[in-house]
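Participant: Submitted below is the structure of interest, expressed as structure tokens.
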Amino acid sequence: MKKKIIGLLLLLSLIMPFSTLAATKKYNTLNLDKALEEEGIEHDFSNYKEDNKQAVIYLFRGNGCSHCREFLTFLNSIVDEYGKYFKVESYEVWKDQNNSDLMQEVSDFLGANATGVPFIIIGDKYFKGYGESYADAIKNAIMEQYNSKNKYDVMKEMKKAKDKEAFDKIKNVLIIVSCNFIFISAATIIIIMESKKNNSLLNNKIEKIETKISSMKQTE
């Protein structure tokens, strides 16, 4: 029975710390073509292609948001001139809680304090909301990111930070597991030693009683 209890404690010490590691969320995204389609914006992408060299525009938006639609319309208007330099990764946040949580994470990571949509990220630059006055700044951000030899990608940087955090958690878990294992091993040794000691004392008492009974019989 004691061995079963000890085994169960050891198993729990190995499993429980890992339960603190969160599962990876999945996010729903749309590219520029699908985002324009969802907003009902007419477009012709017969000459537009996406590739890995393009600057990524991360767009957090709400389906039906007027300023989000205005920004998408602007992007559609510059596809002929700038389309080879950028692509879009769009996250709808009004109806998708995971996407909304991601927007908050990205906002916190950048120190942007974004409270509404659209929230636009290009390289290490971000834009809260959209108006015509942003047009030139957005074009410049696209070209700067496209021409950069060391492109800044906020999603990749966040992943690096999370991986480091996860590694630190695992390292701490391993320390906890090691300590638990040492503690349980020590407790097991003590229990075994005490059990042997008690058995030895019991055997000694039994021997004394048997000796006394034998002595009494001889006296009779």
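Identifiers in this document derive from the order of the structure tokens: chains are assigned A, B, ..., residues are numbered from 1 separately in each chain, and ligands are numbered from 1 in order of occurrence.
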Tell me, as a list in words, which residues lie within 12 Å of A:Lys53, counting only C-alpha atoms; anything in the same chain fewer than 3 positions away does not count.

Facilitator: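 Counting only the stated atoms, we get Lys49, Glu50, Val56, Gly83, Lys84, Tyr85, Phe86, Lys87, Ile142, Met143, Gln145, Tyr146, Asn147, Ser148, Lys149, Asn150 and Lys151 of chain A.
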
Participant: Within stretch 61-185 of chain A, find each residue whose DSSP state, derived from the backbone, is alpha helix (DSSP H), and express the selection as a ChimeraX atom specification.

Facilitator: /A:66-77,79-82,97-110,135-147,154-185

Participant: Calculated over only C-alpha atoms, which of the candidates A:Lys156, A:Gln54, A:Leu72, A:Lys26 has the smallest distance to A:Gly40?

Facilitator: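 Of A:Lys156, A:Gln54, A:Leu72, A:Lys26, the one nearest A:Gly40, counting only C-alpha atoms, is A:Leu72.
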
Participant: Please identify all polymer residues within 10 Å of A:Lys125, counting only C-alpha atoms, omitting same-chain residues fewer than 2 positions from it, and present them as a PyMOL selection string.

Facilitator: chain A and resi 110+112+120-123+127+137-138+141-142+145+152+154

Participant: Could the residues in this selection be written to a file with C-alpha atoms, as a PDB file, in the first residue's frame?

Facilitator:
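Written file, selection.pdb:
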ATOM      1  CA  LEU A 110       4.255  46.915 -29.196  1.00  0.00           C
ATOM      2  CA  ALA A 112       0.515  50.605 -28.734  1.00  0.00           C
ATOM      3  CA  ILE A 120      -2.534  48.173 -38.629  1.00  0.00           C
ATOM      4  CA  ILE A 121       1.040  46.898 -38.251  1.00  0.00           C
ATOM      5  CA  ILE A 122       3.733  47.144 -40.938  1.00  0.00           C
ATOM      6  CA  GLY A 123       7.179  46.099 -39.765  1.00  0.00           C
ATOM      7  CA  PHE A 127      -1.334  52.772 -37.068  1.00  0.00           C
ATOM      8  CA  ALA A 137       3.000  57.071 -44.136  1.00  0.00           C
ATOM      9  CA  ILE A 138       1.581  53.639 -44.969  1.00  0.00           C
ATOM     10  CA  ALA A 141       6.201  51.882 -44.231  1.00  0.00           C
ATOM     11  CA  ILE A 142       5.481  49.294 -46.936  1.00  0.00           C
ATOM     12  CA  GLN A 145       9.781  47.047 -44.756  1.00  0.00           C
ATOM     13  CA  TYR A 152      10.760  43.068 -38.516  1.00  0.00           C
ATOM     14  CA  VAL A 154       5.816  41.325 -34.963  1.00  0.00           C
TER      15      VAL A 154
END

Participant: So, with only C-alpha atoms as the atoms that count, which of A:Asp101, A:Glu165, A:Glu70, A:Glu92 lies closest to A:Leu30?

Facilitator: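 When distances to A:Leu30 are compared using only C-alpha atoms, the smallest one comes from A:Glu92.
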
Participant: Just want the 9 Å neighbourhood of A:Met155, counted on only C-alpha atoms, with same-chain residues fewer than 4 positions away dropped. Output as a list of chain:residue names.

Facilitator: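 Everything that qualifies: A:Val106, A:Lys159, A:Lys160.
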
Participant: What does the structure give for the distance between atom CA of A:Phe74 and atom CA of A:Glu144, in Å to one decimal?

Facilitator: 18.5 Å

Participant: Apply DSSP to the backbone of this structure and, from stretch 27-86 of chain A, keep only the residues in strand (DSSP E or B); write these as number ranges by chain.

Facilitator: A: 30, 55-61, 86

Participant: Would you mind exporting N, CA, C and O atoms of the selected residues as a compact mmCIF listing (two decimals), in the first residue's frame?

Facilitator:
# COMPACT_ATOMS: atom_id res chain seq x y z
N LEU A 30 -7.55 36.18 -43.10
CA LEU A 30 -7.90 36.34 -44.50
C LEU A 30 -6.80 37.14 -45.19
O LEU A 30 -6.23 38.06 -44.59
N ALA A 55 6.31 42.80 -47.97
CA ALA A 55 6.07 43.27 -46.61
C ALA A 55 4.68 42.79 -46.19
O ALA A 55 3.74 42.84 -46.97
N VAL A 56 4.57 42.30 -44.96
CA VAL A 56 3.29 41.83 -44.45
C VAL A 56 2.58 42.98 -43.72
O VAL A 56 3.16 43.60 -42.83
N ILE A 57 1.35 43.24 -44.13
CA ILE A 57 0.51 44.19 -43.41
C ILE A 57 -0.44 43.39 -42.54
O ILE A 57 -1.29 42.66 -43.04
N TYR A 58 -0.26 43.50 -41.22
CA TYR A 58 -1.17 42.83 -40.30
C TYR A 58 -2.32 43.80 -40.01
O TYR A 58 -2.09 44.92 -39.55
N LEU A 59 -3.52 43.36 -40.31
CA LEU A 59 -4.70 44.21 -40.16
C LEU A 59 -5.70 43.56 -39.21
O LEU A 59 -6.22 42.48 -39.48
N PHE A 60 -5.95 44.23 -38.09
CA PHE A 60 -7.00 43.80 -37.18
C PHE A 60 -8.22 44.68 -37.47
O PHE A 60 -8.13 45.91 -37.41
N ARG A 61 -9.32 44.03 -37.79
CA ARG A 61 -10.48 44.76 -38.29
C ARG A 61 -11.78 44.15 -37.77
O ARG A 61 -11.79 43.04 -37.24
N PHE A 86 3.62 44.34 -51.11
CA PHE A 86 2.95 44.00 -49.85
C PHE A 86 1.91 42.91 -50.03
O PHE A 86 1.41 42.65 -51.13

Participant: Between atom CA of A:Asn63 and atom CA of A:Trp94, measure the distance and give it in Å to one decimal.

Facilitator: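 Interatomic distance, atom CA of A:Asn63 to atom CA of A:Trp94: 7.1 Å.
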
Participant: Within 9 Å of A:Asn98, counting only C-alpha atoms, which residues qualify if same-chain residues fewer than 3 places away don't, as a list in words?

Facilitator: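 Counting only C-alpha atoms, the residues come to Lys25, Lys26, Tyr27, Asn28, Val93, Asp101, Leu102 and Met103 of chain A.
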
Participant: Dump N, CA and C atoms for the selected residues as a PDB file, in the first residue's frame?

Facilitator:
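Wrote it out as again.pdb, contents follow:
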ATOM      1  N   LYS A  25      -3.183  28.741 -29.297  1.00  0.00           N
ATOM      2  CA  LYS A  25      -4.453  29.106 -29.913  1.00  0.00           C
ATOM      3  C   LYS A  25      -4.331  29.094 -31.432  1.00  0.00           C
ATOM      4  N   LYS A  26      -5.494  28.939 -32.082  1.00  0.00           N
ATOM      5  CA  LYS A  26      -5.547  29.010 -33.532  1.00  0.00           C
ATOM      6  C   LYS A  26      -6.294  30.273 -33.930  1.00  0.00           C
ATOM      7  N   TYR A  27      -5.829  30.928 -34.985  1.00  0.00           N
ATOM      8  CA  TYR A  27      -6.411  32.190 -35.413  1.00  0.00           C
ATOM      9  C   TYR A  27      -6.913  32.084 -36.854  1.00  0.00           C
ATOM     10  N   ASN A  28      -8.039  32.741 -37.105  1.00  0.00           N
ATOM     11  CA  ASN A  28      -8.610  32.771 -38.443  1.00  0.00           C
ATOM     12  C   ASN A  28      -8.133  34.032 -39.164  1.00  0.00           C
ATOM     13  N   VAL A  93     -11.931  40.802 -35.575  1.00  0.00           N
ATOM     14  CA  VAL A  93     -11.887  40.727 -34.111  1.00  0.00           C
ATOM     15  C   VAL A  93     -13.242  40.905 -33.432  1.00  0.00           C
ATOM     16  N   ASP A 101      -8.236  38.537 -28.820  1.00  0.00           N
ATOM     17  CA  ASP A 101      -7.183  38.354 -27.810  1.00  0.00           C
ATOM     18  C   ASP A 101      -5.802  38.589 -28.421  1.00  0.00           C
ATOM     19  N   LEU A 102      -5.623  38.130 -29.662  1.00  0.00           N
ATOM     20  CA  LEU A 102      -4.342  38.312 -30.339  1.00  0.00           C
ATOM     21  C   LEU A 102      -4.062  39.792 -30.553  1.00  0.00           C
ATOM     22  N   MET A 103      -5.074  40.536 -30.959  1.00  0.00           N
ATOM     23  CA  MET A 103      -4.903  41.976 -31.146  1.00  0.00           C
ATOM     24  C   MET A 103      -4.415  42.632 -29.855  1.00  0.00           C
TER      25      MET A 103
END

Participant: Compare A:Asp153, A:Asp163, A:Asp33, A:Asp108 by their minimum atom-to-atom distance to A:Asp124, counting only C-alpha atoms, and give me the closest one.

Facilitator: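 Distance minimum relative to A:Asp124 lands on A:Asp153.
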